[in-house]
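Below: structure-v7.pdb (PDB, C-alpha atoms)
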ATOM      1  CA  MET A 972     -11.041-102.010  38.428  1.00  0.00           C
ATOM      2  CA  ALA A 973      -7.616-102.799  39.857  1.00  0.00           C
ATOM      3  CA  PRO A 974      -4.915-100.108  40.019  1.00  0.00           C
ATOM      4  CA  ARG A 975      -2.607-100.151  37.019  1.00  0.00           C
ATOM      5  CA  VAL A 976       0.861 -98.727  36.565  1.00  0.00           C
ATOM      6  CA  ILE A 977       2.285 -98.053  33.160  1.00  0.00           C
ATOM      7  CA  ALA A 978       6.042 -97.611  33.203  1.00  0.00           C
ATOM      8  CA  ALA A 979       7.692 -95.721  30.403  1.00  0.00           C
ATOM      9  CA  PRO A 980      10.195 -97.834  28.482  1.00  0.00           C
ATOM     10  CA  ASP A 981      13.760 -97.955  29.812  1.00  0.00           C
ATOM     11  CA  ARG A 982      12.869 -96.080  32.985  1.00  0.00           C
ATOM     12  CA  ASP A 983      12.802 -96.883  36.674  1.00  0.00           C
ATOM     13  CA  GLU A 984      10.077 -99.412  37.444  1.00  0.00           C
ATOM     14  CA  GLU A 985       9.838 -98.639  41.134  1.00  0.00           C
ATOM     15  CA  VAL A 986       6.499 -97.117  42.055  1.00  0.00           C
ATOM     16  CA  ASP A 987       6.443 -94.487  44.764  1.00  0.00           C
ATOM     17  CA  ASN A 988       3.122 -93.745  46.337  1.00  0.00           C
ATOM     18  CA  ALA A 989       3.522 -89.990  46.171  1.00  0.00           C
ATOM     19  CA  PHE A 990       0.053 -89.430  47.548  1.00  0.00           C
ATOM     20  CA  ALA A 991       0.564 -91.341  50.792  1.00  0.00           C
ATOM     21  CA  PRO A 992       1.817 -88.638  53.168  1.00  0.00           C
ATOM     22  CA  VAL A 993       1.105 -88.894  56.850  1.00  0.00           C
ATOM     23  CA  ALA A 994      -2.386 -87.538  57.355  1.00  0.00           C
ATOM     24  CA  PRO A 995      -2.572 -84.420  59.503  1.00  0.00           C
ATOM     25  CA  ALA A 996      -4.720 -84.465  62.607  1.00  0.00           C
ATOM     26  CA  PRO A 997      -8.260 -83.416  61.705  1.00  0.00           C
ATOM     27  CA  PRO A 998      -9.145 -79.869  62.687  1.00  0.00           C
ATOM     28  CA  GLU A 999     -11.543 -79.482  65.597  1.00  0.00           C
ATOM     29  CA  ARG A1000     -14.031 -77.825  63.282  1.00  0.00           C
ATOM     30  CA  ALA A1001     -13.493 -78.100  59.542  1.00  0.00           C
ATOM     31  CA  PRO A1002     -13.670 -74.699  57.836  1.00  0.00           C
ATOM     32  CA  ALA A1003     -16.079 -74.273  54.960  1.00  0.00           C
ATOM     33  CA  ALA A1004     -14.442 -74.918  51.611  1.00  0.00           C
ATOM     34  CA  SER A1005     -15.680 -75.842  48.186  1.00  0.00           C
ATOM     35  CA  SER A1006     -14.316 -76.484  44.744  1.00  0.00           C
ATOM     36  CA  LEU A1007     -14.733 -72.754  44.136  1.00  0.00           C
ATOM     37  CA  THR A1008     -12.375 -71.868  46.989  1.00  0.00           C
ATOM     38  CA  PRO A1009      -8.992 -71.301  45.290  1.00  0.00           C
ATOM     39  CA  ASP A1010      -6.992 -72.695  48.226  1.00  0.00           C
ATOM     40  CA  TRP A1011      -9.468 -75.306  49.420  1.00  0.00           C
ATOM     41  CA  GLY A1012      -6.674 -77.615  50.596  1.00  0.00           C
ATOM     42  CA  LEU A1013      -5.288 -74.886  52.826  1.00  0.00           C
ATOM     43  CA  ALA A1014      -8.796 -74.130  54.095  1.00  0.00           C
ATOM     44  CA  LEU A1015      -9.148 -77.792  55.099  1.00  0.00           C
ATOM     45  CA  GLY A1016      -5.668 -77.970  56.608  1.00  0.00           C
ATOM     46  CA  ILE A1017      -4.227 -80.392  54.028  1.00  0.00           C
ATOM     47  CA  SER A1018      -2.240 -78.049  51.832  1.00  0.00           C
ATOM     48  CA  THR A1019       1.519 -77.865  52.087  1.00  0.00           C
ATOM     49  CA  ALA A1020       4.195 -76.032  50.195  1.00  0.00           C
ATOM     50  CA  ASP A1021       4.614 -79.161  48.056  1.00  0.00           C
ATOM     51  CA  PHE A1022       0.964 -79.924  47.268  1.00  0.00           C
ATOM     52  CA  ALA A1023      -1.679 -78.022  45.343  1.00  0.00           C
ATOM     53  CA  ALA A1024      -5.042 -78.887  43.818  1.00  0.00           C
ATOM     54  CA  ARG A1025      -7.813 -77.337  41.767  1.00  0.00           C
ATOM     55  CA  ALA A1026     -11.217 -78.390  40.512  1.00  0.00           C
ATOM     56  CA  PHE A1027     -12.049 -78.027  36.841  1.00  0.00           C
ATOM     57  CA  THR A1028     -15.045 -78.213  34.561  1.00  0.00           C
ATOM     58  CA  PRO A1029     -15.551 -78.840  30.829  1.00  0.00           C
ATOM     59  CA  ASP A1030     -15.504 -75.079  30.241  1.00  0.00           C
ATOM     60  CA  PRO A1031     -12.502 -74.013  28.080  1.00  0.00           C
ATOM     61  CA  ASP A1032     -11.774 -71.167  30.525  1.00  0.00           C
ATOM     62  CA  SER A1033     -11.500 -73.731  33.330  1.00  0.00           C
ATOM     63  CA  LEU A1034      -8.870 -75.698  31.413  1.00  0.00           C
ATOM     64  CA  LYS A1035      -7.007 -72.473  30.633  1.00  0.00           C
ATOM     65  CA  THR A1036      -6.997 -71.715  34.364  1.00  0.00           C
ATOM     66  CA  ILE A1037      -5.628 -75.217  35.077  1.00  0.00           C
ATOM     67  CA  ARG A1038      -2.736 -74.688  32.641  1.00  0.00           C
ATOM     68  CA  ARG A1039      -1.912 -71.337  34.263  1.00  0.00           C
ATOM     69  CA  PHE A1040      -2.183 -72.935  37.721  1.00  0.00           C
ATOM     70  CA  ILE A1041       0.345 -75.647  36.770  1.00  0.00           C
ATOM     71  CA  ARG A1042       2.836 -73.137  35.365  1.00  0.00           C
ATOM     72  CA  GLU A1043       2.547 -70.890  38.427  1.00  0.00           C
ATOM     73  CA  THR A1044       2.874 -73.810  40.863  1.00  0.00           C
ATOM     74  CA  ILE A1045       5.903 -75.289  39.098  1.00  0.00           C
ATOM     75  CA  THR A1046       7.553 -71.860  38.946  1.00  0.00           C
ATOM     76  CA  GLU A1047       6.911 -71.316  42.672  1.00  0.00           C
ATOM     77  CA  TRP A1048       8.571 -74.670  43.344  1.00  0.00           C
ATOM     78  CA  GLY A1049      11.640 -73.586  41.371  1.00  0.00           C
ATOM     79  CA  LEU A1050      11.049 -76.165  38.637  1.00  0.00           C
ATOM     80  CA  SER A1051      10.503 -73.843  35.666  1.00  0.00           C
ATOM     81  CA  PRO A1052      12.546 -76.076  33.310  1.00  0.00           C
ATOM     82  CA  PHE A1053       9.811 -78.728  33.712  1.00  0.00           C
ATOM     83  CA  ALA A1054       6.873 -76.358  33.180  1.00  0.00           C
ATOM     84  CA  ASP A1055       6.372 -77.242  29.506  1.00  0.00           C
ATOM     85  CA  ASP A1056       6.398 -81.010  30.087  1.00  0.00           C
ATOM     86  CA  LEU A1057       4.145 -80.826  33.147  1.00  0.00           C
ATOM     87  CA  THR A1058       1.738 -78.439  31.458  1.00  0.00           C
ATOM     88  CA  THR A1059       1.528 -80.751  28.449  1.00  0.00           C
ATOM     89  CA  VAL A1060       0.934 -83.835  30.619  1.00  0.00           C
ATOM     90  CA  VAL A1061      -1.713 -82.072  32.723  1.00  0.00           C
ATOM     91  CA  ASN A1062      -3.376 -80.709  29.604  1.00  0.00           C
ATOM     92  CA  GLU A1063      -3.642 -84.224  28.149  1.00  0.00           C
ATOM     93  CA  LEU A1064      -5.011 -85.730  31.391  1.00  0.00           C
ATOM     94  CA  THR A1065      -7.545 -82.962  32.000  1.00  0.00           C
ATOM     95  CA  THR A1066      -8.643 -82.958  28.356  1.00  0.00           C
ATOM     96  CA  ASN A1067      -9.196 -86.732  28.547  1.00  0.00           C
ATOM     97  CA  ALA A1068     -11.323 -86.220  31.666  1.00  0.00           C
ATOM     98  CA  VAL A1069     -13.392 -83.563  29.910  1.00  0.00           C
ATOM     99  CA  GLN A1070     -13.842 -85.586  26.711  1.00  0.00           C
ATOM    100  CA  HIS A1071     -14.501 -88.983  28.269  1.00  0.00           C
ATOM    101  CA  ALA A1072     -15.803 -88.434  31.805  1.00  0.00           C
ATOM    102  CA  LEU A1073     -17.390 -84.998  32.078  1.00  0.00           C
ATOM    103  CA  THR A1074     -19.962 -85.734  29.437  1.00  0.00           C
ATOM    104  CA  PRO A1075     -23.170 -83.672  29.412  1.00  0.00           C
ATOM    105  CA  SER A1076     -25.025 -86.462  31.258  1.00  0.00           C
ATOM    106  CA  ARG A1077     -22.421 -86.485  34.063  1.00  0.00           C
ATOM    107  CA  ALA A1078     -21.079 -82.924  34.116  1.00  0.00           C
ATOM    108  CA  SER A1079     -24.005 -81.380  35.971  1.00  0.00           C
ATOM    109  CA  HIS A1080     -23.579 -83.557  39.075  1.00  0.00           C
ATOM    110  CA  SER A1081     -19.908 -84.451  39.122  1.00  0.00           C
ATOM    111  CA  SER A1082     -16.555 -82.826  39.433  1.00  0.00           C
ATOM    112  CA  ALA A1083     -13.027 -83.425  38.299  1.00  0.00           C
ATOM    113  CA  TRP A1084      -9.890 -82.460  40.185  1.00  0.00           C
ATOM    114  CA  LEU A1085      -6.229 -81.944  39.478  1.00  0.00           C
ATOM    115  CA  GLY A1086      -3.742 -82.525  42.274  1.00  0.00           C
ATOM    116  CA  ILE A1087      -0.007 -81.966  42.029  1.00  0.00           C
ATOM    117  CA  ALA A1088       2.572 -82.982  44.620  1.00  0.00           C
ATOM    118  CA  ARG A1089       6.326 -82.742  44.858  1.00  0.00           C
ATOM    119  CA  THR A1090       8.119 -85.319  46.927  1.00  0.00           C
ATOM    120  CA  GLY A1091      11.875 -85.699  46.790  1.00  0.00           C
ATOM    121  CA  ASN A1092      12.925 -85.510  43.159  1.00  0.00           C
ATOM    122  CA  THR A1093       9.511 -86.402  41.793  1.00  0.00           C
ATOM    123  CA  VAL A1094       6.468 -84.399  40.757  1.00  0.00           C
ATOM    124  CA  VAL A1095       3.236 -86.350  40.526  1.00  0.00           C
ATOM    125  CA  CYS A1096       0.073 -84.973  39.011  1.00  0.00           C
ATOM    126  CA  ALA A1097      -3.238 -86.774  39.335  1.00  0.00           C
ATOM    127  CA  VAL A1098      -6.586 -86.112  37.716  1.00  0.00           C
ATOM    128  CA  THR A1099      -9.725 -87.599  39.236  1.00  0.00           C
ATOM    129  CA  ASP A1100     -12.953 -87.867  37.308  1.00  0.00           C
ATOM    130  CA  PRO A1101     -16.351 -89.558  37.746  1.00  0.00           C
ATOM    131  CA  SER A1102     -15.903 -92.270  35.100  1.00  0.00           C
ATOM    132  CA  PRO A1103     -14.717 -95.759  36.086  1.00  0.00           C
ATOM    133  CA  THR A1104     -13.581 -96.448  32.497  1.00  0.00           C
ATOM    134  CA  PRO A1105      -9.807 -96.917  32.405  1.00  0.00           C
ATOM    135  CA  PRO A1106      -7.688 -94.827  30.050  1.00  0.00           C
ATOM    136  CA  ALA A1107      -6.810 -96.588  26.812  1.00  0.00           C
ATOM    137  CA  TYR A1108      -4.136 -96.114  24.186  1.00  0.00           C
ATOM    138  CA  HIS A1109      -5.312 -95.381  20.690  1.00  0.00           C
ATOM    139  CA  HIS A1110      -3.426 -96.027  17.489  1.00  0.00           C
ATOM    140  CA  PRO A1111      -4.324 -93.032  15.332  1.00  0.00           C
ATOM    141  CA  GLU A1112      -3.683 -92.785  11.635  1.00  0.00           C
ATOM    142  CA  PRO A1113      -0.484 -90.824  10.845  1.00  0.00           C
ATOM    143  CA  LEU A1114      -2.383 -87.655   9.872  1.00  0.00           C
ATOM    144  CA  ALA A1115      -5.094 -87.886  12.548  1.00  0.00           C
ATOM    145  CA  GLU A1116      -5.564 -84.743  14.636  1.00  0.00           C
ATOM    146  CA  ALA A1117      -6.435 -86.585  17.869  1.00  0.00           C
ATOM    147  CA  GLY A1118      -5.798 -89.828  19.731  1.00  0.00           C
ATOM    148  CA  ARG A1119      -2.205 -89.351  20.880  1.00  0.00           C
ATOM    149  CA  GLY A1120      -2.786 -88.063  24.420  1.00  0.00           C
ATOM    150  CA  LEU A1121      -1.595 -91.088  26.376  1.00  0.00           C
ATOM    151  CA  LEU A1122       1.287 -91.621  23.964  1.00  0.00           C
ATOM    152  CA  ILE A1123       2.412 -88.073  24.800  1.00  0.00           C
ATOM    153  CA  VAL A1124       1.946 -88.687  28.540  1.00  0.00           C
ATOM    154  CA  ASN A1125       4.001 -91.880  28.264  1.00  0.00           C
ATOM    155  CA  ALA A1126       6.781 -90.081  26.379  1.00  0.00           C
ATOM    156  CA  LEU A1127       7.070 -87.206  28.884  1.00  0.00           C
ATOM    157  CA  THR A1128       6.788 -89.103  32.174  1.00  0.00           C
ATOM    158  CA  SER A1129       8.759 -91.743  34.020  1.00  0.00           C
ATOM    159  CA  GLN A1130       5.522 -93.570  34.929  1.00  0.00           C
ATOM    160  CA  TRP A1131       1.796 -93.148  34.746  1.00  0.00           C
ATOM    161  CA  GLY A1132      -1.159 -95.186  35.832  1.00  0.00           C
ATOM    162  CA  TYR A1133      -4.688 -95.173  37.150  1.00  0.00           C
ATOM    163  CA  ALA A1134      -6.686 -96.437  40.108  1.00  0.00           C
ATOM    164  CA  PRO A1135     -10.357 -96.563  41.061  1.00  0.00           C
ATOM    165  CA  THR A1136     -11.654 -93.946  43.485  1.00  0.00           C
ATOM    166  CA  PRO A1137     -14.129 -94.519  46.332  1.00  0.00           C
ATOM    167  CA  SER A1138     -16.752 -92.531  44.401  1.00  0.00           C
ATOM    168  CA  ASN A1139     -16.717 -95.120  41.557  1.00  0.00           C
ATOM    169  CA  GLY A1140     -14.565 -92.911  39.330  1.00  0.00           C
ATOM    170  CA  LYS A1141     -10.853 -93.081  38.677  1.00  0.00           C
ATOM    171  CA  ALA A1142      -7.634 -91.203  39.285  1.00  0.00           C
ATOM    172  CA  VAL A1143      -5.127 -91.042  36.441  1.00  0.00           C
ATOM    173  CA  TRP A1144      -1.660 -90.042  37.596  1.00  0.00           C
ATOM    174  CA  ALA A1145       1.676 -89.278  35.997  1.00  0.00           C
ATOM    175  CA  ARG A1146       5.122 -89.025  37.538  1.00  0.00           C
ATOM    176  CA  ILE A1147       7.974 -86.835  36.305  1.00  0.00           C
ATOM    177  CA  SER A1148      11.419 -87.097  37.840  1.00  0.00           C
ATOM    178  CA  THR A1149      13.290 -83.875  38.553  1.00  0.00           C
ATOM    179  CA  PRO A1150      16.839 -83.184  39.718  1.00  0.00           C
ATOM    180  CA  ASP A1151      17.541 -83.426  43.445  1.00  0.00           C
ATOM    181  CA  ARG A1152      16.643 -80.290  45.327  1.00  0.00           C
TER     182      ARG A1152
END
Represent the structure from my file as structure tokens, please.
Amino acid sequence: MAPRVIAAPDRDEEVDNAFAPVAPAPPERAPAASSLTPDWGLALGISTADFAARAFTPDPDSLKTIRRFIRETITEWGLSPFADDLTTVVNELTTNAVQHALTPSRASHSSAWLGIARTGNTVVCAVTDPSPTPPAYHHPEPLAEAGRGLLIVNALTSQWGYAPTPSNGKAVWARISTPDR
């Protein structure tokens, strides 16, 4: 699966690789960290003031925690006016991962992650999951209760896309532009 970028209509088509920071030197001895460690990135020496990540599961409480995590992170970054849009985008991406990738047959031996980074005047959120199946637009009936997730993501972001991961899954990312700091 080749990486794909979906640019929102009438928006900047330039793609920034927001997840390509200079890698820090590896620690002499990596500290123990797991998906249950709240600040696992910090424990591994990769967390910065402008990056945060959390694991999630199909459990509704896990998704509730992810929504709270996004709001708290955005508020800490001084970007409260974007909290609703970012929370909505993250909710759609994580819900898609739960519905389409963390199926009962996969959920017991796989994980999904949310990462969020701020670089310049851009916030990028990315959700990784164990499924290699690319995200797909649906064309729901006017009164349908589901099927609009990627349409919402497209409406609220300047760009979104996906790429394969080394573990044969995918990362779906979305970019929201913010005012200059």
Set out as CSV a contact list for range 1045-1113 of chain A and range 1141-1150 of chain A with a cut-off of 10 Å, giving each residue of range 1045-1113 of chain A that qualifies its closest atom pair and distance in Å to one decimal, counting only C-alpha atoms, ordered by chain and rising residue number.
residue,atom,partner,partner_atom,distance
A:Leu1050,CA,A:Thr1149,CA,8.0
A:Pro1052,CA,A:Thr1149,CA,9.4
A:Phe1053,CA,A:Thr1149,CA,7.9
A:Asp1056,CA,A:Ile1147,CA,8.7
A:Leu1057,CA,A:Ile1147,CA,7.8
A:Val1060,CA,A:Ala1145,CA,7.7
A:Val1061,CA,A:Ala1145,CA,8.6
A:Leu1064,CA,A:Val1143,CA,7.3
A:Thr1065,CA,A:Val1143,CA,9.5
A:Asn1067,CA,A:Val1143,CA,9.9
A:Ala1068,CA,A:Val1143,CA,9.2
A:Ala1072,CA,A:Lys1141,CA,9.7
A:Ala1083,CA,A:Ala1142,CA,9.5
A:Trp1084,CA,A:Ala1142,CA,9.1
A:Leu1085,CA,A:Ala1142,CA,9.4
A:Gly1086,CA,A:Trp1144,CA,9.1
A:Ile1087,CA,A:Trp1144,CA,9.4
A:Ala1088,CA,A:Arg1146,CA,9.7
A:Arg1089,CA,A:Thr1149,CA,9.5
A:Thr1090,CA,A:Ser1148,CA,9.8
A:Gly1091,CA,A:Thr1149,CA,8.6
A:Asn1092,CA,A:Thr1149,CA,4.9
A:Thr1093,CA,A:Ser1148,CA,4.4
A:Val1094,CA,A:Ile1147,CA,5.3
A:Val1095,CA,A:Arg1146,CA,4.4
A:Cys1096,CA,A:Ala1145,CA,5.5
A:Ala1097,CA,A:Trp1144,CA,4.0
A:Val1098,CA,A:Val1143,CA,5.3
A:Thr1099,CA,A:Ala1142,CA,4.2
A:Asp1100,CA,A:Lys1141,CA,5.8
A:Pro1101,CA,A:Lys1141,CA,6.6
A:Ser1102,CA,A:Lys1141,CA,6.2
A:Pro1103,CA,A:Lys1141,CA,5.4
A:Thr1104,CA,A:Lys1141,CA,7.5
A:Pro1105,CA,A:Lys1141,CA,7.4
A:Pro1106,CA,A:Val1143,CA,7.9
On this file, the PyMOL selection byres ((chain A and resi 1121) around 9) gives some set of residues; write that set as a PDB file with C-alpha atoms, in the coordinates of the input.
ATOM      1  CA  VAL A1060       0.934 -83.835  30.619  1.00  0.00           C
ATOM      2  CA  GLU A1063      -3.642 -84.224  28.149  1.00  0.00           C
ATOM      3  CA  LEU A1064      -5.011 -85.730  31.391  1.00  0.00           C
ATOM      4  CA  PRO A1106      -7.688 -94.827  30.050  1.00  0.00           C
ATOM      5  CA  ALA A1107      -6.810 -96.588  26.812  1.00  0.00           C
ATOM      6  CA  TYR A1108      -4.136 -96.114  24.186  1.00  0.00           C
ATOM      7  CA  HIS A1109      -5.312 -95.381  20.690  1.00  0.00           C
ATOM      8  CA  GLY A1118      -5.798 -89.828  19.731  1.00  0.00           C
ATOM      9  CA  ARG A1119      -2.205 -89.351  20.880  1.00  0.00           C
ATOM     10  CA  GLY A1120      -2.786 -88.063  24.420  1.00  0.00           C
ATOM     11  CA  LEU A1122       1.287 -91.621  23.964  1.00  0.00           C
ATOM     12  CA  ILE A1123       2.412 -88.073  24.800  1.00  0.00           C
ATOM     13  CA  VAL A1124       1.946 -88.687  28.540  1.00  0.00           C
ATOM     14  CA  ASN A1125       4.001 -91.880  28.264  1.00  0.00           C
ATOM     15  CA  ALA A1126       6.781 -90.081  26.379  1.00  0.00           C
TER      16      ALA A1126
END
*Give the answer as one residue: which of A:Ser1129, A:Thr1058, A:Ser1051, A:Asp1021 has the shortest atom-to-atom distance to Ile1037 in chain A, using all atoms listed in the file?*
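Result for the nearest residue to Ile1037 in chain A: A:Thr1058.
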*One-decimal distance in Å that lies between CA of Ala1117 in chain A and CA of His1071 in chain A*: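 Computed distance, CA of His1071 in chain A to CA of Ala1117 in chain A, equals 13.4 Å.
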*Calculate how many Å separate CA of Phe1022 in chain A from CA of Ile1045 in chain A, rounding to one decimal.*
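About the pair CA of Phe1022 in chain A and CA of Ile1045 in chain A: they are 10.6 Å apart.
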*What does the distance between CA of Asp1055 in chain A and CA of Phe1040 in chain A come to in Å, to one decimal place?*
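Taking CA of Asp1055 in chain A as the start and CA of Phe1040 in chain A as the end point, the length is 12.6 Å.
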*Could you tell me which of A:Glu1116, A:Glu1047, A:Pro1137, A:Asp1030 comes closest to Thr1074 in chain A if we count all atoms listed in the file?*
A:Asp1030
Just need the box for range 1046-1061 of chain A, edges along x, y and z, holding every atom the file lists for it with 6 Å tacked onto each side, so centre and edge lengths in Å to one decimal, as AutoDock Vina command-line options.
--center_x 5.4 --center_y -77.6 --center_z 35.9 --size_x 26.3 --size_y 24.5 --size_z 26.9
*Run the PyMOL selection byres ((chain A and resi 1028) around 9) against the file shown and list the residues it catches, as a list in words.*
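Here the PyMOL selection byres ((chain A and resi 1028) around 9) matches Ala1026, Phe1027, Pro1029, Asp1030, Pro1031, Asp1032, Ser1033, Leu1034, Val1069, Leu1073, Ala1078, Ser1082, Ala1083 and Trp1084 of chain A.
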Taking the block just given, write range 1112-1131 of chain A to a file that holds N, CA, C and O atoms, as a PDB file, in the first residue's frame.
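Resulting contents of part39.pdb:
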ATOM      1  N   GLU A1112     -26.793   7.183   2.901  1.00  0.00           N
ATOM      2  CA  GLU A1112     -28.113   7.749   2.605  1.00  0.00           C
ATOM      3  C   GLU A1112     -28.302   8.988   3.478  1.00  0.00           C
ATOM      4  O   GLU A1112     -27.714   9.091   4.553  1.00  0.00           O
ATOM      5  N   PRO A1113     -29.118   9.939   3.061  1.00  0.00           N
ATOM      6  CA  PRO A1113     -29.284  11.189   3.826  1.00  0.00           C
ATOM      7  C   PRO A1113     -29.658  10.997   5.294  1.00  0.00           C
ATOM      8  O   PRO A1113     -29.216  11.758   6.143  1.00  0.00           O
ATOM      9  N   LEU A1114     -30.423   9.985   5.638  1.00  0.00           N
ATOM     10  CA  LEU A1114     -30.844   9.789   7.019  1.00  0.00           C
ATOM     11  C   LEU A1114     -30.044   8.703   7.745  1.00  0.00           C
ATOM     12  O   LEU A1114     -30.370   8.346   8.876  1.00  0.00           O
ATOM     13  N   ALA A1115     -28.978   8.217   7.118  1.00  0.00           N
ATOM     14  CA  ALA A1115     -28.161   7.176   7.753  1.00  0.00           C
ATOM     15  C   ALA A1115     -27.485   7.735   8.999  1.00  0.00           C
ATOM     16  O   ALA A1115     -27.123   8.912   9.058  1.00  0.00           O
ATOM     17  N   GLU A1116     -27.325   6.878  10.009  1.00  0.00           N
ATOM     18  CA  GLU A1116     -26.721   7.294  11.270  1.00  0.00           C
ATOM     19  C   GLU A1116     -25.210   7.129  11.277  1.00  0.00           C
ATOM     20  O   GLU A1116     -24.547   7.556  12.224  1.00  0.00           O
ATOM     21  N   ALA A1117     -24.629   6.509  10.280  1.00  0.00           N
ATOM     22  CA  ALA A1117     -23.187   6.258  10.247  1.00  0.00           C
ATOM     23  C   ALA A1117     -22.672   6.425   8.826  1.00  0.00           C
ATOM     24  O   ALA A1117     -23.446   6.585   7.892  1.00  0.00           O
ATOM     25  N   GLY A1118     -21.339   6.402   8.684  1.00  0.00           N
ATOM     26  CA  GLY A1118     -20.734   6.435   7.359  1.00  0.00           C
ATOM     27  C   GLY A1118     -20.202   7.780   6.922  1.00  0.00           C
ATOM     28  O   GLY A1118     -19.793   7.940   5.783  1.00  0.00           O
ATOM     29  N   ARG A1119     -20.173   8.762   7.823  1.00  0.00           N
ATOM     30  CA  ARG A1119     -19.718  10.098   7.448  1.00  0.00           C
ATOM     31  C   ARG A1119     -18.369  10.487   8.057  1.00  0.00           C
ATOM     32  O   ARG A1119     -17.935  11.610   7.943  1.00  0.00           O
ATOM     33  N   GLY A1120     -17.710   9.550   8.722  1.00  0.00           N
ATOM     34  CA  GLY A1120     -16.493   9.863   9.466  1.00  0.00           C
ATOM     35  C   GLY A1120     -15.421  10.567   8.660  1.00  0.00           C
ATOM     36  O   GLY A1120     -14.930  11.626   9.047  1.00  0.00           O
ATOM     37  N   LEU A1121     -15.047  10.002   7.508  1.00  0.00           N
ATOM     38  CA  LEU A1121     -13.993  10.624   6.716  1.00  0.00           C
ATOM     39  C   LEU A1121     -14.462  11.915   6.048  1.00  0.00           C
ATOM     40  O   LEU A1121     -13.654  12.812   5.797  1.00  0.00           O
ATOM     41  N   LEU A1122     -15.748  12.026   5.789  1.00  0.00           N
ATOM     42  CA  LEU A1122     -16.270  13.293   5.265  1.00  0.00           C
ATOM     43  C   LEU A1122     -16.115  14.392   6.318  1.00  0.00           C
ATOM     44  O   LEU A1122     -15.772  15.533   5.998  1.00  0.00           O
ATOM     45  N   ILE A1123     -16.325  14.047   7.577  1.00  0.00           N
ATOM     46  CA  ILE A1123     -16.144  15.002   8.674  1.00  0.00           C
ATOM     47  C   ILE A1123     -14.671  15.352   8.812  1.00  0.00           C
ATOM     48  O   ILE A1123     -14.308  16.525   8.941  1.00  0.00           O
ATOM     49  N   VAL A1124     -13.800  14.340   8.777  1.00  0.00           N
ATOM     50  CA  VAL A1124     -12.354  14.582   8.869  1.00  0.00           C
ATOM     51  C   VAL A1124     -11.927  15.513   7.736  1.00  0.00           C
ATOM     52  O   VAL A1124     -11.185  16.480   7.960  1.00  0.00           O
ATOM     53  N   ASN A1125     -12.378  15.254   6.537  1.00  0.00           N
ATOM     54  CA  ASN A1125     -12.015  16.086   5.389  1.00  0.00           C
ATOM     55  C   ASN A1125     -12.493  17.523   5.560  1.00  0.00           C
ATOM     56  O   ASN A1125     -11.805  18.471   5.198  1.00  0.00           O
ATOM     57  N   ALA A1126     -13.666  17.705   6.140  1.00  0.00           N
ATOM     58  CA  ALA A1126     -14.228  19.048   6.313  1.00  0.00           C
ATOM     59  C   ALA A1126     -13.489  19.851   7.381  1.00  0.00           C
ATOM     60  O   ALA A1126     -13.402  21.078   7.282  1.00  0.00           O
ATOM     61  N   LEU A1127     -12.938  19.179   8.398  1.00  0.00           N
ATOM     62  CA  LEU A1127     -12.331  19.887   9.525  1.00  0.00           C
ATOM     63  C   LEU A1127     -10.815  20.038   9.425  1.00  0.00           C
ATOM     64  O   LEU A1127     -10.212  20.728  10.248  1.00  0.00           O
ATOM     65  N   THR A1128     -10.193  19.401   8.449  1.00  0.00           N
ATOM     66  CA  THR A1128      -8.734  19.425   8.363  1.00  0.00           C
ATOM     67  C   THR A1128      -8.264  20.071   7.070  1.00  0.00           C
ATOM     68  O   THR A1128      -9.020  20.197   6.111  1.00  0.00           O
ATOM     69  N   SER A1129      -6.989  20.477   7.070  1.00  0.00           N
ATOM     70  CA  SER A1129      -6.420  21.014   5.837  1.00  0.00           C
ATOM     71  C   SER A1129      -5.935  19.885   4.937  1.00  0.00           C
ATOM     72  O   SER A1129      -5.905  20.037   3.719  1.00  0.00           O
ATOM     73  N   GLN A1130      -5.557  18.750   5.525  1.00  0.00           N
ATOM     74  CA  GLN A1130      -5.157  17.561   4.774  1.00  0.00           C
ATOM     75  C   GLN A1130      -5.314  16.346   5.665  1.00  0.00           C
ATOM     76  O   GLN A1130      -5.253  16.452   6.888  1.00  0.00           O
ATOM     77  N   TRP A1131      -5.458  15.213   5.040  1.00  0.00           N
ATOM     78  CA  TRP A1131      -5.399  13.948   5.761  1.00  0.00           C
ATOM     79  C   TRP A1131      -4.903  12.895   4.794  1.00  0.00           C
ATOM     80  O   TRP A1131      -4.900  13.101   3.577  1.00  0.00           O
TER      81      TRP A1131
END
